[in-house]
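my_file-v8.pdb, holding PDB, N, CA and C atoms:
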ATOM      1  N   MET A  19      16.032  -0.441 -24.990  1.00  0.00           N
ATOM      2  CA  MET A  19      15.429   0.219 -23.860  1.00  0.00           C
ATOM      3  C   MET A  19      16.540   0.957 -23.109  1.00  0.00           C
ATOM      4  N   PRO A  20      16.311   2.208 -22.788  1.00  0.00           N
ATOM      5  CA  PRO A  20      17.330   2.953 -22.062  1.00  0.00           C
ATOM      6  C   PRO A  20      17.538   2.365 -20.668  1.00  0.00           C
ATOM      7  N   ILE A  21      18.767   2.423 -20.203  1.00  0.00           N
ATOM      8  CA  ILE A  21      19.091   1.858 -18.902  1.00  0.00           C
ATOM      9  C   ILE A  21      18.342   2.563 -17.784  1.00  0.00           C
ATOM     10  N   ASP A  22      18.008   3.838 -17.956  1.00  0.00           N
ATOM     11  CA  ASP A  22      17.311   4.541 -16.889  1.00  0.00           C
ATOM     12  C   ASP A  22      15.961   3.915 -16.584  1.00  0.00           C
ATOM     13  N   THR A  23      15.306   3.320 -17.547  1.00  0.00           N
ATOM     14  CA  THR A  23      14.039   2.630 -17.293  1.00  0.00           C
ATOM     15  C   THR A  23      14.282   1.436 -16.381  1.00  0.00           C
ATOM     16  N   LEU A  24      15.300   0.676 -16.665  1.00  0.00           N
ATOM     17  CA  LEU A  24      15.628  -0.475 -15.835  1.00  0.00           C
ATOM     18  C   LEU A  24      16.011  -0.014 -14.429  1.00  0.00           C
ATOM     19  N   GLU A  25      16.798   1.022 -14.334  1.00  0.00           N
ATOM     20  CA  GLU A  25      17.192   1.531 -13.016  1.00  0.00           C
ATOM     21  C   GLU A  25      15.987   2.049 -12.234  1.00  0.00           C
ATOM     22  N   ARG A  26      15.085   2.724 -12.902  1.00  0.00           N
ATOM     23  CA  ARG A  26      13.869   3.210 -12.237  1.00  0.00           C
ATOM     24  C   ARG A  26      13.032   2.038 -11.744  1.00  0.00           C
ATOM     25  N   PHE A  27      12.928   1.011 -12.564  1.00  0.00           N
ATOM     26  CA  PHE A  27      12.189  -0.192 -12.184  1.00  0.00           C
ATOM     27  C   PHE A  27      12.827  -0.837 -10.954  1.00  0.00           C
ATOM     28  N   LEU A  28      14.135  -1.008 -10.977  1.00  0.00           N
ATOM     29  CA  LEU A  28      14.821  -1.615  -9.848  1.00  0.00           C
ATOM     30  C   LEU A  28      14.641  -0.784  -8.576  1.00  0.00           C
ATOM     31  N   THR A  29      14.659   0.515  -8.712  1.00  0.00           N
ATOM     32  CA  THR A  29      14.470   1.407  -7.566  1.00  0.00           C
ATOM     33  C   THR A  29      13.071   1.260  -6.980  1.00  0.00           C
ATOM     34  N   ALA A  30      12.096   0.998  -7.822  1.00  0.00           N
ATOM     35  CA  ALA A  30      10.707   0.874  -7.365  1.00  0.00           C
ATOM     36  C   ALA A  30      10.446  -0.428  -6.613  1.00  0.00           C
ATOM     37  N   LEU A  31      11.345  -1.378  -6.740  1.00  0.00           N
ATOM     38  CA  LEU A  31      11.170  -2.684  -6.098  1.00  0.00           C
ATOM     39  C   LEU A  31      11.633  -2.677  -4.644  1.00  0.00           C
ATOM     40  N   CYS A  32      11.040  -3.562  -3.855  1.00  0.00           N
ATOM     41  CA  CYS A  32      11.555  -3.777  -2.500  1.00  0.00           C
ATOM     42  C   CYS A  32      12.915  -4.475  -2.644  1.00  0.00           C
ATOM     43  N   PRO A  33      13.766  -4.402  -1.633  1.00  0.00           N
ATOM     44  CA  PRO A  33      15.118  -4.989  -1.743  1.00  0.00           C
ATOM     45  C   PRO A  33      15.135  -6.474  -2.129  1.00  0.00           C
ATOM     46  N   ARG A  34      14.227  -7.265  -1.590  1.00  0.00           N
ATOM     47  CA  ARG A  34      14.197  -8.701  -1.911  1.00  0.00           C
ATOM     48  C   ARG A  34      13.907  -8.928  -3.385  1.00  0.00           C
ATOM     49  N   ASP A  35      12.897  -8.223  -3.903  1.00  0.00           N
ATOM     50  CA  ASP A  35      12.539  -8.381  -5.316  1.00  0.00           C
ATOM     51  C   ASP A  35      13.609  -7.791  -6.224  1.00  0.00           C
ATOM     52  N   ARG A  36      14.232  -6.707  -5.794  1.00  0.00           N
ATOM     53  CA  ARG A  36      15.312  -6.099  -6.582  1.00  0.00           C
ATOM     54  C   ARG A  36      16.418  -7.127  -6.787  1.00  0.00           C
ATOM     55  N   GLU A  37      16.769  -7.846  -5.732  1.00  0.00           N
ATOM     56  CA  GLU A  37      17.817  -8.860  -5.832  1.00  0.00           C
ATOM     57  C   GLU A  37      17.387  -9.998  -6.756  1.00  0.00           C
ATOM     58  N   ARG A  38      16.128 -10.401  -6.675  1.00  0.00           N
ATOM     59  CA  ARG A  38      15.616 -11.457  -7.573  1.00  0.00           C
ATOM     60  C   ARG A  38      15.740 -11.040  -9.027  1.00  0.00           C
ATOM     61  N   VAL A  39      15.405  -9.796  -9.316  1.00  0.00           N
ATOM     62  CA  VAL A  39      15.490  -9.311 -10.696  1.00  0.00           C
ATOM     63  C   VAL A  39      16.942  -9.233 -11.142  1.00  0.00           C
ATOM     64  N   ARG A  40      17.810  -8.749 -10.279  1.00  0.00           N
ATOM     65  CA  ARG A  40      19.233  -8.639 -10.642  1.00  0.00           C
ATOM     66  C   ARG A  40      19.863  -9.991 -10.938  1.00  0.00           C
ATOM     67  N   GLN A  41      19.297 -11.062 -10.415  1.00  0.00           N
ATOM     68  CA  GLN A  41      19.820 -12.399 -10.668  1.00  0.00           C
ATOM     69  C   GLN A  41      19.386 -12.942 -12.034  1.00  0.00           C
ATOM     70  N   GLN A  42      18.454 -12.278 -12.674  1.00  0.00           N
ATOM     71  CA  GLN A  42      17.961 -12.702 -13.982  1.00  0.00           C
ATOM     72  C   GLN A  42      18.910 -12.212 -15.081  1.00  0.00           C
ATOM     73  N   PRO A  43      18.901 -12.876 -16.233  1.00  0.00           N
ATOM     74  CA  PRO A  43      19.692 -12.370 -17.367  1.00  0.00           C
ATOM     75  C   PRO A  43      19.250 -10.946 -17.721  1.00  0.00           C
ATOM     76  N   HIS A  44      20.173 -10.187 -18.281  1.00  0.00           N
ATOM     77  CA  HIS A  44      19.892  -8.785 -18.587  1.00  0.00           C
ATOM     78  C   HIS A  44      18.670  -8.618 -19.496  1.00  0.00           C
ATOM     79  N   ASP A  45      18.516  -9.493 -20.468  1.00  0.00           N
ATOM     80  CA  ASP A  45      17.356  -9.406 -21.366  1.00  0.00           C
ATOM     81  C   ASP A  45      16.054  -9.560 -20.586  1.00  0.00           C
ATOM     82  N   GLU A  46      16.037 -10.468 -19.624  1.00  0.00           N
ATOM     83  CA  GLU A  46      14.848 -10.675 -18.795  1.00  0.00           C
ATOM     84  C   GLU A  46      14.593  -9.431 -17.932  1.00  0.00           C
ATOM     85  N   GLN A  47      15.641  -8.836 -17.402  1.00  0.00           N
ATOM     86  CA  GLN A  47      15.496  -7.609 -16.621  1.00  0.00           C
ATOM     87  C   GLN A  47      14.847  -6.505 -17.469  1.00  0.00           C
ATOM     88  N   GLU A  48      15.306  -6.382 -18.701  1.00  0.00           N
ATOM     89  CA  GLU A  48      14.739  -5.376 -19.603  1.00  0.00           C
ATOM     90  C   GLU A  48      13.274  -5.666 -19.915  1.00  0.00           C
ATOM     91  N   GLN A  49      12.926  -6.934 -20.083  1.00  0.00           N
ATOM     92  CA  GLN A  49      11.530  -7.305 -20.342  1.00  0.00           C
ATOM     93  C   GLN A  49      10.645  -6.967 -19.150  1.00  0.00           C
ATOM     94  N   LEU A  50      11.141  -7.223 -17.963  1.00  0.00           N
ATOM     95  CA  LEU A  50      10.384  -6.888 -16.756  1.00  0.00           C
ATOM     96  C   LEU A  50      10.202  -5.373 -16.636  1.00  0.00           C
ATOM     97  N   ALA A  51      11.242  -4.620 -16.942  1.00  0.00           N
ATOM     98  CA  ALA A  51      11.149  -3.158 -16.899  1.00  0.00           C
ATOM     99  C   ALA A  51      10.154  -2.646 -17.936  1.00  0.00           C
ATOM    100  N   ALA A  52      10.135  -3.264 -19.106  1.00  0.00           N
ATOM    101  CA  ALA A  52       9.174  -2.872 -20.140  1.00  0.00           C
ATOM    102  C   ALA A  52       7.747  -3.195 -19.692  1.00  0.00           C
ATOM    103  N   ALA A  53       7.568  -4.347 -19.056  1.00  0.00           N
ATOM    104  CA  ALA A  53       6.238  -4.714 -18.537  1.00  0.00           C
ATOM    105  C   ALA A  53       5.812  -3.729 -17.455  1.00  0.00           C
ATOM    106  N   TRP A  54       6.747  -3.283 -16.655  1.00  0.00           N
ATOM    107  CA  TRP A  54       6.482  -2.301 -15.605  1.00  0.00           C
ATOM    108  C   TRP A  54       6.004  -0.979 -16.213  1.00  0.00           C
ATOM    109  N   GLU A  55       6.701  -0.517 -17.232  1.00  0.00           N
ATOM    110  CA  GLU A  55       6.286   0.718 -17.902  1.00  0.00           C
ATOM    111  C   GLU A  55       4.895   0.574 -18.508  1.00  0.00           C
ATOM    112  N   GLN A  56       4.623  -0.564 -19.112  1.00  0.00           N
ATOM    113  CA  GLN A  56       3.312  -0.806 -19.698  1.00  0.00           C
ATOM    114  C   GLN A  56       2.233  -0.795 -18.619  1.00  0.00           C
ATOM    115  N   GLU A  57       2.515  -1.412 -17.488  1.00  0.00           N
ATOM    116  CA  GLU A  57       1.573  -1.426 -16.367  1.00  0.00           C
ATOM    117  C   GLU A  57       1.280   0.003 -15.904  1.00  0.00           C
ATOM    118  N   LEU A  58       2.309   0.815 -15.822  1.00  0.00           N
ATOM    119  CA  LEU A  58       2.127   2.214 -15.413  1.00  0.00           C
ATOM    120  C   LEU A  58       1.261   2.987 -16.407  1.00  0.00           C
ATOM    121  N   ARG A  59       1.461   2.710 -17.690  1.00  0.00           N
ATOM    122  CA  ARG A  59       0.711   3.420 -18.741  1.00  0.00           C
ATOM    123  C   ARG A  59      -0.740   2.991 -18.821  1.00  0.00           C
ATOM    124  N   GLU A  60      -0.991   1.694 -18.642  1.00  0.00           N
ATOM    125  CA  GLU A  60      -2.310   1.152 -18.965  1.00  0.00           C
ATOM    126  C   GLU A  60      -3.273   1.038 -17.794  1.00  0.00           C
ATOM    127  N   ASP A  61      -2.789   0.967 -16.574  1.00  0.00           N
ATOM    128  CA  ASP A  61      -3.680   0.759 -15.435  1.00  0.00           C
ATOM    129  C   ASP A  61      -4.213   2.092 -14.929  1.00  0.00           C
ATOM    130  N   THR A  62      -5.513   2.295 -15.071  1.00  0.00           N
ATOM    131  CA  THR A  62      -6.113   3.571 -14.679  1.00  0.00           C
ATOM    132  C   THR A  62      -6.101   3.780 -13.176  1.00  0.00           C
ATOM    133  N   ASP A  63      -6.131   2.719 -12.391  1.00  0.00           N
ATOM    134  CA  ASP A  63      -6.021   2.867 -10.933  1.00  0.00           C
ATOM    135  C   ASP A  63      -4.676   3.474 -10.553  1.00  0.00           C
ATOM    136  N   LEU A  64      -3.650   3.094 -11.282  1.00  0.00           N
ATOM    137  CA  LEU A  64      -2.326   3.650 -10.998  1.00  0.00           C
ATOM    138  C   LEU A  64      -2.258   5.132 -11.365  1.00  0.00           C
ATOM    139  N   ASP A  65      -3.039   5.554 -12.346  1.00  0.00           N
ATOM    140  CA  ASP A  65      -3.083   6.981 -12.689  1.00  0.00           C
ATOM    141  C   ASP A  65      -3.518   7.806 -11.493  1.00  0.00           C
ATOM    142  N   THR A  66      -4.557   7.347 -10.815  1.00  0.00           N
ATOM    143  CA  THR A  66      -5.058   8.050  -9.641  1.00  0.00           C
ATOM    144  C   THR A  66      -4.012   8.059  -8.539  1.00  0.00           C
ATOM    145  N   LEU A  67      -3.408   6.912  -8.276  1.00  0.00           N
ATOM    146  CA  LEU A  67      -2.372   6.828  -7.255  1.00  0.00           C
ATOM    147  C   LEU A  67      -1.180   7.699  -7.617  1.00  0.00           C
ATOM    148  N   SER A  68      -0.840   7.734  -8.893  1.00  0.00           N
ATOM    149  CA  SER A  68       0.294   8.533  -9.347  1.00  0.00           C
ATOM    150  C   SER A  68       0.107  10.015  -9.065  1.00  0.00           C
ATOM    151  N   GLU A  69      -1.134  10.478  -9.141  1.00  0.00           N
ATOM    152  CA  GLU A  69      -1.399  11.876  -8.843  1.00  0.00           C
ATOM    153  C   GLU A  69      -1.120  12.174  -7.374  1.00  0.00           C
ATOM    154  N   LEU A  70      -1.373  11.214  -6.510  1.00  0.00           N
ATOM    155  CA  LEU A  70      -1.141  11.389  -5.077  1.00  0.00           C
ATOM    156  C   LEU A  70       0.312  11.122  -4.702  1.00  0.00           C
ATOM    157  N   SER A  71       0.868  10.073  -5.267  1.00  0.00           N
ATOM    158  CA  SER A  71       2.240   9.678  -4.953  1.00  0.00           C
ATOM    159  C   SER A  71       2.843   8.903  -6.122  1.00  0.00           C
ATOM    160  N   PRO A  72       3.610   9.575  -6.969  1.00  0.00           N
ATOM    161  CA  PRO A  72       4.229   8.868  -8.096  1.00  0.00           C
ATOM    162  C   PRO A  72       5.083   7.675  -7.661  1.00  0.00           C
ATOM    163  N   ALA A  73       5.812   7.812  -6.568  1.00  0.00           N
ATOM    164  CA  ALA A  73       6.658   6.706  -6.098  1.00  0.00           C
ATOM    165  C   ALA A  73       5.815   5.505  -5.685  1.00  0.00           C
ATOM    166  N   ALA A  74       4.682   5.749  -5.051  1.00  0.00           N
ATOM    167  CA  ALA A  74       3.795   4.647  -4.645  1.00  0.00           C
ATOM    168  C   ALA A  74       3.218   3.941  -5.867  1.00  0.00           C
ATOM    169  N   ALA A  75       2.868   4.702  -6.893  1.00  0.00           N
ATOM    170  CA  ALA A  75       2.339   4.092  -8.115  1.00  0.00           C
ATOM    171  C   ALA A  75       3.404   3.238  -8.790  1.00  0.00           C
ATOM    172  N   GLU A  76       4.633   3.736  -8.849  1.00  0.00           N
ATOM    173  CA  GLU A  76       5.717   2.971  -9.456  1.00  0.00           C
ATOM    174  C   GLU A  76       5.987   1.698  -8.671  1.00  0.00           C
ATOM    175  N   SER A  77       5.958   1.808  -7.365  1.00  0.00           N
ATOM    176  CA  SER A  77       6.190   0.645  -6.514  1.00  0.00           C
ATOM    177  C   SER A  77       5.080  -0.397  -6.687  1.00  0.00           C
ATOM    178  N   GLU A  78       3.838   0.048  -6.735  1.00  0.00           N
ATOM    179  CA  GLU A  78       2.709  -0.871  -6.924  1.00  0.00           C
ATOM    180  C   GLU A  78       2.794  -1.568  -8.279  1.00  0.00           C
ATOM    181  N   ALA A  79       3.130  -0.832  -9.317  1.00  0.00           N
ATOM    182  CA  ALA A  79       3.264  -1.441 -10.644  1.00  0.00           C
ATOM    183  C   ALA A  79       4.399  -2.454 -10.654  1.00  0.00           C
ATOM    184  N   ALA A  80       5.510  -2.130 -10.007  1.00  0.00           N
ATOM    185  CA  ALA A  80       6.643  -3.058  -9.939  1.00  0.00           C
ATOM    186  C   ALA A  80       6.239  -4.334  -9.199  1.00  0.00           C
ATOM    187  N   LYS A  81       5.516  -4.174  -8.109  1.00  0.00           N
ATOM    188  CA  LYS A  81       5.044  -5.331  -7.329  1.00  0.00           C
ATOM    189  C   LYS A  81       4.166  -6.233  -8.191  1.00  0.00           C
ATOM    190  N   ARG A  82       3.281  -5.638  -8.975  1.00  0.00           N
ATOM    191  CA  ARG A  82       2.388  -6.420  -9.841  1.00  0.00           C
ATOM    192  C   ARG A  82       3.170  -7.202 -10.889  1.00  0.00           C
ATOM    193  N   VAL A  83       4.174  -6.568 -11.469  1.00  0.00           N
ATOM    194  CA  VAL A  83       4.988  -7.232 -12.490  1.00  0.00           C
ATOM    195  C   VAL A  83       5.731  -8.410 -11.877  1.00  0.00           C
ATOM    196  N   ILE A  84       6.319  -8.191 -10.716  1.00  0.00           N
ATOM    197  CA  ILE A  84       7.072  -9.256 -10.042  1.00  0.00           C
ATOM    198  C   ILE A  84       6.141 -10.404  -9.648  1.00  0.00           C
ATOM    199  N   GLU A  85       4.973 -10.080  -9.125  1.00  0.00           N
ATOM    200  CA  GLU A  85       4.025 -11.131  -8.750  1.00  0.00           C
ATOM    201  C   GLU A  85       3.618 -11.940  -9.973  1.00  0.00           C
ATOM    202  N   GLY A  86       3.454 -11.276 -11.115  1.00  0.00           N
ATOM    203  CA  GLY A  86       3.094 -11.967 -12.340  1.00  0.00           C
ATOM    204  C   GLY A  86       4.214 -12.859 -12.863  1.00  0.00           C
ATOM    205  N   ARG A  87       5.428 -12.476 -12.603  1.00  0.00           N
ATOM    206  CA  ARG A  87       6.589 -13.207 -13.115  1.00  0.00           C
ATOM    207  C   ARG A  87       7.015 -14.336 -12.176  1.00  0.00           C
ATOM    208  N   PHE A  88       7.053 -14.076 -10.882  1.00  0.00           N
ATOM    209  CA  PHE A  88       7.621 -15.022  -9.936  1.00  0.00           C
ATOM    210  C   PHE A  88       6.592 -15.766  -9.096  1.00  0.00           C
ATOM    211  N   ALA A  89       5.320 -15.451  -9.274  1.00  0.00           N
ATOM    212  CA  ALA A  89       4.289 -16.093  -8.440  1.00  0.00           C
ATOM    213  C   ALA A  89       4.010 -17.508  -8.879  1.00  0.00           C
TER     214      ALA A  89
END

How would this structure read if it were set down as structure tokens?
Amino acid sequence: MPIDTLERFLTALCPRDRERVRQQPHDEQEQLAAAWEQELREDTDLDTLSELSPAAAESEAAKRVIEGRFA
């Protein structure tokens, strides 16, 4: 996975969650970033939000991934 995907994922996170992800092993960080990309691709609600605000859609997808992982 290219590092830019991981960096984009980290950027989409709030500071608290970004720090939580950075504390994980690199492989886990990459898995979370891959799950984030999949969430962006597959969730049709995010498609609509992305048309209005791509950054908001990325942030919402990142939040969902983190909630699924750390909840």

Exercise for the section: Can you pull out every residue within 10 Å of range 71-86 of chain A, counting only C-alpha atoms, but drop anything in the same chain fewer than 6 positions away, and send it as a PyMOL selection string? Expected result: chain A and resi 26-32+35-36+38-39+50-59+61+63-65

Could you work out an axis-aligned box for range 70-79 of chain A, taking every atom the file lists and adding 3 Å on each side, and report centre and edge lengths in Å to one decimal, as lines of an AutoDock Vina configuration file?
center_x = 2.6
center_y = 4.5
center_z = -7.6
size_x = 14.0
size_y = 19.8
size_z = 12.0

Handout entry: Using only N, CA and C atoms: which of A:Leu24, A:Glu69, A:Phe88, A:Thr62 has the shortest distance to Glu48 in chain A
Key = A:Leu24

Fill in the blank from the handout: Pairwise distance, atom C of Gln47 in chain A with atom N of Thr23 in chain A, equals 9.8 Å

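If you look at atom C of Glu37 in chain A and CA of Thr66 in chain A, they are 28.9 Å away from each other.
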
Handout entry: Straight-line distance linking atom C of Arg40 in chain A with CA of Asp22 in chain A, stated in Å to one decimal
Key =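 Between atom C of Arg40 in chain A and CA of Asp22 in chain A the gap works out to 15.9 Å.
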